[in-house]
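Trainee: Attaching a single structure in structure tokens format; questions to follow.
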Amino acid sequence: MLARFGLTVSLATLVAASLVGSAASADPAIVMGRSSAEHARAPGNDKYPWGSGIARFVPGHVVVVWKENAPGQATRALNARLGTRTVAPTSGLNVDVVQVGGGTSVPATIRRYQRSPLVRFAEPDRIASVAVIPNDPRFVQQWALHNTGQSHEMTNQGFGFGQSRHGTAGADVKAPEAWDAQALHGPAVVAVIDTGVDINQPDLTNRSWVNPGEIPGNGIDDDLNGFVDDVNGWDFQGNDKNPTPANSLDDSHGTHVAGIVAAENDNNEGISGVCPDCTIMALRIGTAASLTLGNELKAINYAIRNHANVINLSLGDPVWSKAERAAIARAGKSGILVVVAAGNSSMDNDIQFYEHPQGQPPSWAPSYPASYTLKNILAVAASNDRDQYGYVSQCQSQHIPLWRCGFTSWGHDSVDVAAPGVDILSTVKAGLSLGHTYPNYEFFDGTSMAAPMVAGIAGMVRSEHPGYGAVKIKNAIMHSVNHPASLRLYDAWGPEAGVGKKLLAGHFTRTQGRVNALRALTSSTANATPLTDGNIGGAKAFTSPTVGLVSWPADANDVYWRKLRKGTRYQVVLNGPPGVDMDLWVWRPRTTEIFQFTPGCFVKGGRCPALQAVSGGRTADEKVTFRAPKTGIFYIQVNGWYSGGRYTLTFKKV
């Protein structure tokens, strides 16, 4: 039985509110007509033909919505003729709630109202219920799913366990509201390609995908897919049927991801996953220190062949891979949405950067696979409990400047949405002793946590709309985001970057928004990712001279195309404003993305799509001279590296 609050609100109340515009842009805390199947039919409702007894109605009430400018005298006369009495009359809203007279049924009265040219709508006065709150004991810690501003613990970043803070009410993905709103509960399979998933974790035992063609434990490849006894997935590192990770907290990364997606809901155990109808296809590709490309490619192909609906990839690398890109594209052709973490480098994925400080993890931008320009990739930045871009929560309590603690990567063109990824409680391998009060569970930070939040929402949308493929699911999620003003700012840079101590203002994702599961269920599936001139696909034809504008961090790149002839020497000259840093790049034909750094770019004499580049200086006046190695379409890119302004680009043969 799902625990609920006792509050109910009639349809008439909400119709009136919507007509005066007071609730049009709000996230509804109340979900209409989608109550749980456990609700008994209300007394006296048996005579109503609508629905299956799930909905509840105010006995004898009809909601009448009059047409605009319907004369009040005429509407009152119709009520009198039909023998109804207005309940709590309200002027100016074009809505009446009427009590049906004795001896007349609600359905008959509705039919009579609908025949009148004065009436726009007439229907029973339905009762709504507030959203489901599950009985999982740690749900109160899951601010990302349901944020009332409650106190919640923070991820241990070396500052000790048990610290807590309060978020901002409403800065969440609206999970309980979405659960309550779901009309359909079709199956949805999310493939977690990661360090493995502990299928014996108490909150995941019943949420594992089960291969329908495989008989457990008989030592036979029953479905002839090349894998023996692959009942719940596969371990591509150990080449065996058991996808359970190694016994360490780092290697619980995949288990944590899986719990965010689909930890069992309302089972009086631990936490709730975002998607109650999702199952997890567990595909282990290595340890936290060795997630290899080869194993990743095998896992993607496995997910395609075994009909996953969503793939979660909470991983990244600075090296562009033709094979990885092609594998994800094949997944898209099979209708699979691939949700990818944007990265934890606190970097703009629309610029080029790599740093590996001694004794610290490397930082880089762009990050692949997040930065592939594929229609079936949804790249995710991390947000926190106050709808800010992700930073380590303890910074404020330790008086550390926030710009030193921001971790999420972003990108005006290369990152699609933000989702909660800070202080996220989820499952870890069963039996790990972590020294605090949540055995089998742990708090993590990262875009690795934000991505499965979105993968879970994608699973919900697929469950509600079984006919949706990857692109429709992606569009629905992107069109349904909230747009808090705080996501137009990011406190990620300080004086060491030459930017100063003020907040950066810019356009940090394609949507400039945080995901909303409730809205995604009914949102538009129209194209949400039109091509932009910030990458190869949207490049503009180049005529010389060209005047343009780049403005980091709002729009860091302009890309142009021009057909060149083999053997001819060309020169491209960039002139920009003084005191800013702009970079000029020329990319060979068949380049797919800007900053396409293949393995050949990192070895002496290796082939690299960047034919010529001028970068790394502190000037906006740059010149590239080169001989075209072949005839074809070349791409000229202007990049504002932490800067921007107007520029002139000229081109000539030399």
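We name chains A, B, ... following the order of the structure tokens; residues begin at 1 in each chain, and ligands are numbered from 1 as shown.
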How close does each residue of segment 309-341 of chain A get to segment 364-368 of chain A, giving the shortest atom pair and distance in Å to one decimal for every residue with an atom at most 8 Å away, counting only C-alpha atoms, sorted by chain and residue number, as JSON lines?
Mentor:
```
{"residue": "A:Gly316", "atom": "CA", "partner": "A:Tyr368", "partner_atom": "CA", "distance": 5.2}
{"residue": "A:Asp317", "atom": "CA", "partner": "A:Tyr368", "partner_atom": "CA", "distance": 5.2}
{"residue": "A:Pro318", "atom": "CA", "partner": "A:Ser367", "partner_atom": "CA", "distance": 5.1}
{"residue": "A:Val319", "atom": "CA", "partner": "A:Tyr368", "partner_atom": "CA", "distance": 6.7}
{"residue": "A:Trp320", "atom": "CA", "partner": "A:Tyr368", "partner_atom": "CA", "distance": 6.2}
```
Trainee: What's the 9 Å shell around segment 142-159 of chain A, counting only C-alpha atoms, without same-chain residues fewer than 3 positions away, as number ranges by chain?
Mentor: A: 133, 138-139, 162-177, 271-274, 384-386, 392-394, 398, 419-426, 442-445, 453
Trainee: What does the distance between atom CA of Pro362 of chain A and atom CA of Phe407 of chain A come to in Å, to one decimal place?
Mentor: 12.3 Å
Trainee: Using the chain letters and numbers from this document, which residues of segment 444-504 of chain A does DSSP assign to strand (DSSP E), as a PyMOL selection string?
Mentor: chain A and resi 444+489-490+504
Trainee: Could you please take those selected residues and save N, CA, C and O atoms as an mmCIF file, in the first residue's frame?
Mentor:
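Result file again31.cif:
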```cif
data_model
loop_
_atom_site.group_PDB
_atom_site.id
_atom_site.type_symbol
_atom_site.label_atom_id
_atom_site.label_comp_id
_atom_site.auth_asym_id
_atom_site.auth_seq_id
_atom_site.Cartn_x
_atom_site.Cartn_y
_atom_site.Cartn_z
ATOM 1 N N PHE A 444 27.109 9.991 -2.894
ATOM 2 C CA PHE A 444 28.130 10.318 -3.884
ATOM 3 C C PHE A 444 27.776 11.654 -4.538
ATOM 4 O O PHE A 444 26.607 12.045 -4.602
ATOM 5 N N LEU A 489 23.652 31.021 -13.916
ATOM 6 C CA LEU A 489 24.876 31.454 -13.234
ATOM 7 C C LEU A 489 25.677 30.230 -12.818
ATOM 8 O O LEU A 489 25.122 29.173 -12.533
ATOM 9 N N TYR A 490 26.996 30.397 -12.745
ATOM 10 C CA TYR A 490 27.830 29.298 -12.250
ATOM 11 C C TYR A 490 29.039 29.888 -11.531
ATOM 12 O O TYR A 490 29.819 30.629 -12.111
ATOM 13 N N LEU A 504 29.877 33.623 -12.964
ATOM 14 C CA LEU A 504 29.771 33.639 -14.411
ATOM 15 C C LEU A 504 28.306 33.640 -14.798
ATOM 16 O O LEU A 504 27.502 32.907 -14.220
#
```
Trainee: Got a sec: who's within 7 Å of segment 203-220 of chain A, counting only C-alpha atoms, leaving out chain neighbours fewer than 2 positions off, as a PDB file with N, CA and C atoms, in the first residue's frame?
Mentor:
```pdb
ATOM      1  N   VAL A 189      13.851  -1.205 -19.944  1.00  0.00           N
ATOM      2  CA  VAL A 189      15.131  -1.820 -19.581  1.00  0.00           C
ATOM      3  C   VAL A 189      16.232  -0.774 -19.730  1.00  0.00           C
ATOM      4  N   ILE A 199      23.714  -7.498  -7.962  1.00  0.00           N
ATOM      5  CA  ILE A 199      22.330  -7.944  -8.139  1.00  0.00           C
ATOM      6  C   ILE A 199      21.752  -8.552  -6.869  1.00  0.00           C
ATOM      7  N   ASN A 200      22.583  -8.703  -5.829  1.00  0.00           N
ATOM      8  CA  ASN A 200      22.102  -9.202  -4.539  1.00  0.00           C
ATOM      9  C   ASN A 200      21.872  -8.078  -3.529  1.00  0.00           C
ATOM     10  N   GLN A 201      22.090  -6.831  -3.948  1.00  0.00           N
ATOM     11  CA  GLN A 201      21.824  -5.705  -3.068  1.00  0.00           C
ATOM     12  C   GLN A 201      20.324  -5.687  -2.763  1.00  0.00           C
ATOM     13  N   ASP A 222      21.200 -20.827 -23.973  1.00  0.00           N
ATOM     14  CA  ASP A 222      19.866 -21.196 -24.447  1.00  0.00           C
ATOM     15  C   ASP A 222      19.381 -20.315 -25.592  1.00  0.00           C
ATOM     16  N   ASP A 223      19.651 -19.018 -25.534  1.00  0.00           N
ATOM     17  CA  ASP A 223      19.138 -18.116 -26.564  1.00  0.00           C
ATOM     18  C   ASP A 223      20.132 -17.895 -27.702  1.00  0.00           C
ATOM     19  N   VAL A 228      26.732 -17.689 -22.025  1.00  0.00           N
ATOM     20  CA  VAL A 228      26.153 -18.806 -21.280  1.00  0.00           C
ATOM     21  C   VAL A 228      25.617 -18.315 -19.935  1.00  0.00           C
ATOM     22  N   ASP A 229      24.346 -18.569 -19.670  1.00  0.00           N
ATOM     23  CA  ASP A 229      23.700 -18.221 -18.402  1.00  0.00           C
ATOM     24  C   ASP A 229      23.751 -16.717 -18.109  1.00  0.00           C
ATOM     25  N   ASP A 230      23.625 -15.909 -19.139  1.00  0.00           N
ATOM     26  CA  ASP A 230      23.594 -14.448 -18.941  1.00  0.00           C
ATOM     27  C   ASP A 230      22.182 -14.033 -18.529  1.00  0.00           C
ATOM     28  N   VAL A 231      21.833 -14.363 -17.320  1.00  0.00           N
ATOM     29  CA  VAL A 231      20.460 -14.168 -16.842  1.00  0.00           C
ATOM     30  C   VAL A 231      20.187 -12.701 -16.550  1.00  0.00           C
ATOM     31  N   ASN A 232      21.129 -11.988 -15.927  1.00  0.00           N
ATOM     32  CA  ASN A 232      20.930 -10.588 -15.543  1.00  0.00           C
ATOM     33  C   ASN A 232      21.856  -9.621 -16.261  1.00  0.00           C
ATOM     34  N   GLY A 259      21.026   1.998  -8.536  1.00  0.00           N
ATOM     35  CA  GLY A 259      20.050   2.346  -7.509  1.00  0.00           C
ATOM     36  C   GLY A 259      19.342   3.650  -7.797  1.00  0.00           C
ATOM     37  N   ALA A 262      16.697   2.666 -10.455  1.00  0.00           N
ATOM     38  CA  ALA A 262      15.608   1.701 -10.271  1.00  0.00           C
ATOM     39  C   ALA A 262      15.603   0.969  -8.942  1.00  0.00           C
ATOM     40  N   ALA A 263      16.199   1.523  -7.869  1.00  0.00           N
ATOM     41  CA  ALA A 263      16.046   0.863  -6.574  1.00  0.00           C
ATOM     42  C   ALA A 263      14.563   0.634  -6.312  1.00  0.00           C
ATOM     43  N   GLU A 264      14.234  -0.508  -5.720  1.00  0.00           N
ATOM     44  CA  GLU A 264      12.832  -0.906  -5.594  1.00  0.00           C
ATOM     45  C   GLU A 264      12.045   0.111  -4.781  1.00  0.00           C
ATOM     46  N   GLU A 269      12.409  -0.581   2.296  1.00  0.00           N
ATOM     47  CA  GLU A 269      13.842  -0.915   2.307  1.00  0.00           C
ATOM     48  C   GLU A 269      14.621   0.234   1.680  1.00  0.00           C
ATOM     49  N   GLY A 270      15.527   0.847   2.430  1.00  0.00           N
ATOM     50  CA  GLY A 270      16.480   1.786   1.854  1.00  0.00           C
ATOM     51  C   GLY A 270      15.876   2.975   1.163  1.00  0.00           C
ATOM     52  N   THR A 279      13.910  -2.056 -15.171  1.00  0.00           N
ATOM     53  CA  THR A 279      14.814  -3.105 -14.721  1.00  0.00           C
ATOM     54  C   THR A 279      16.211  -2.780 -15.227  1.00  0.00           C
ATOM     55  N   ILE A 280      17.218  -3.285 -14.506  1.00  0.00           N
ATOM     56  CA  ILE A 280      18.614  -2.955 -14.791  1.00  0.00           C
ATOM     57  C   ILE A 280      19.297  -4.126 -15.491  1.00  0.00           C
ATOM     58  N   MET A 281      19.775  -3.880 -16.699  1.00  0.00           N
ATOM     59  CA  MET A 281      20.640  -4.816 -17.402  1.00  0.00           C
ATOM     60  C   MET A 281      22.074  -4.495 -16.968  1.00  0.00           C
TER      61      MET A 281
END
```
Trainee: Please identify which residues in segment 368-457 of chain A DSSP calls alpha helix (DSSP H) from the backbone, and express them as a list in words.
Mentor: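 Here is the list: Gln394, Cys395, Gln396, Ser397, Thr447, Ser448, Met449, Ala450, Ala451, Pro452, Met453, Val454, Ala455, Gly456 and Ile457 of chain A.
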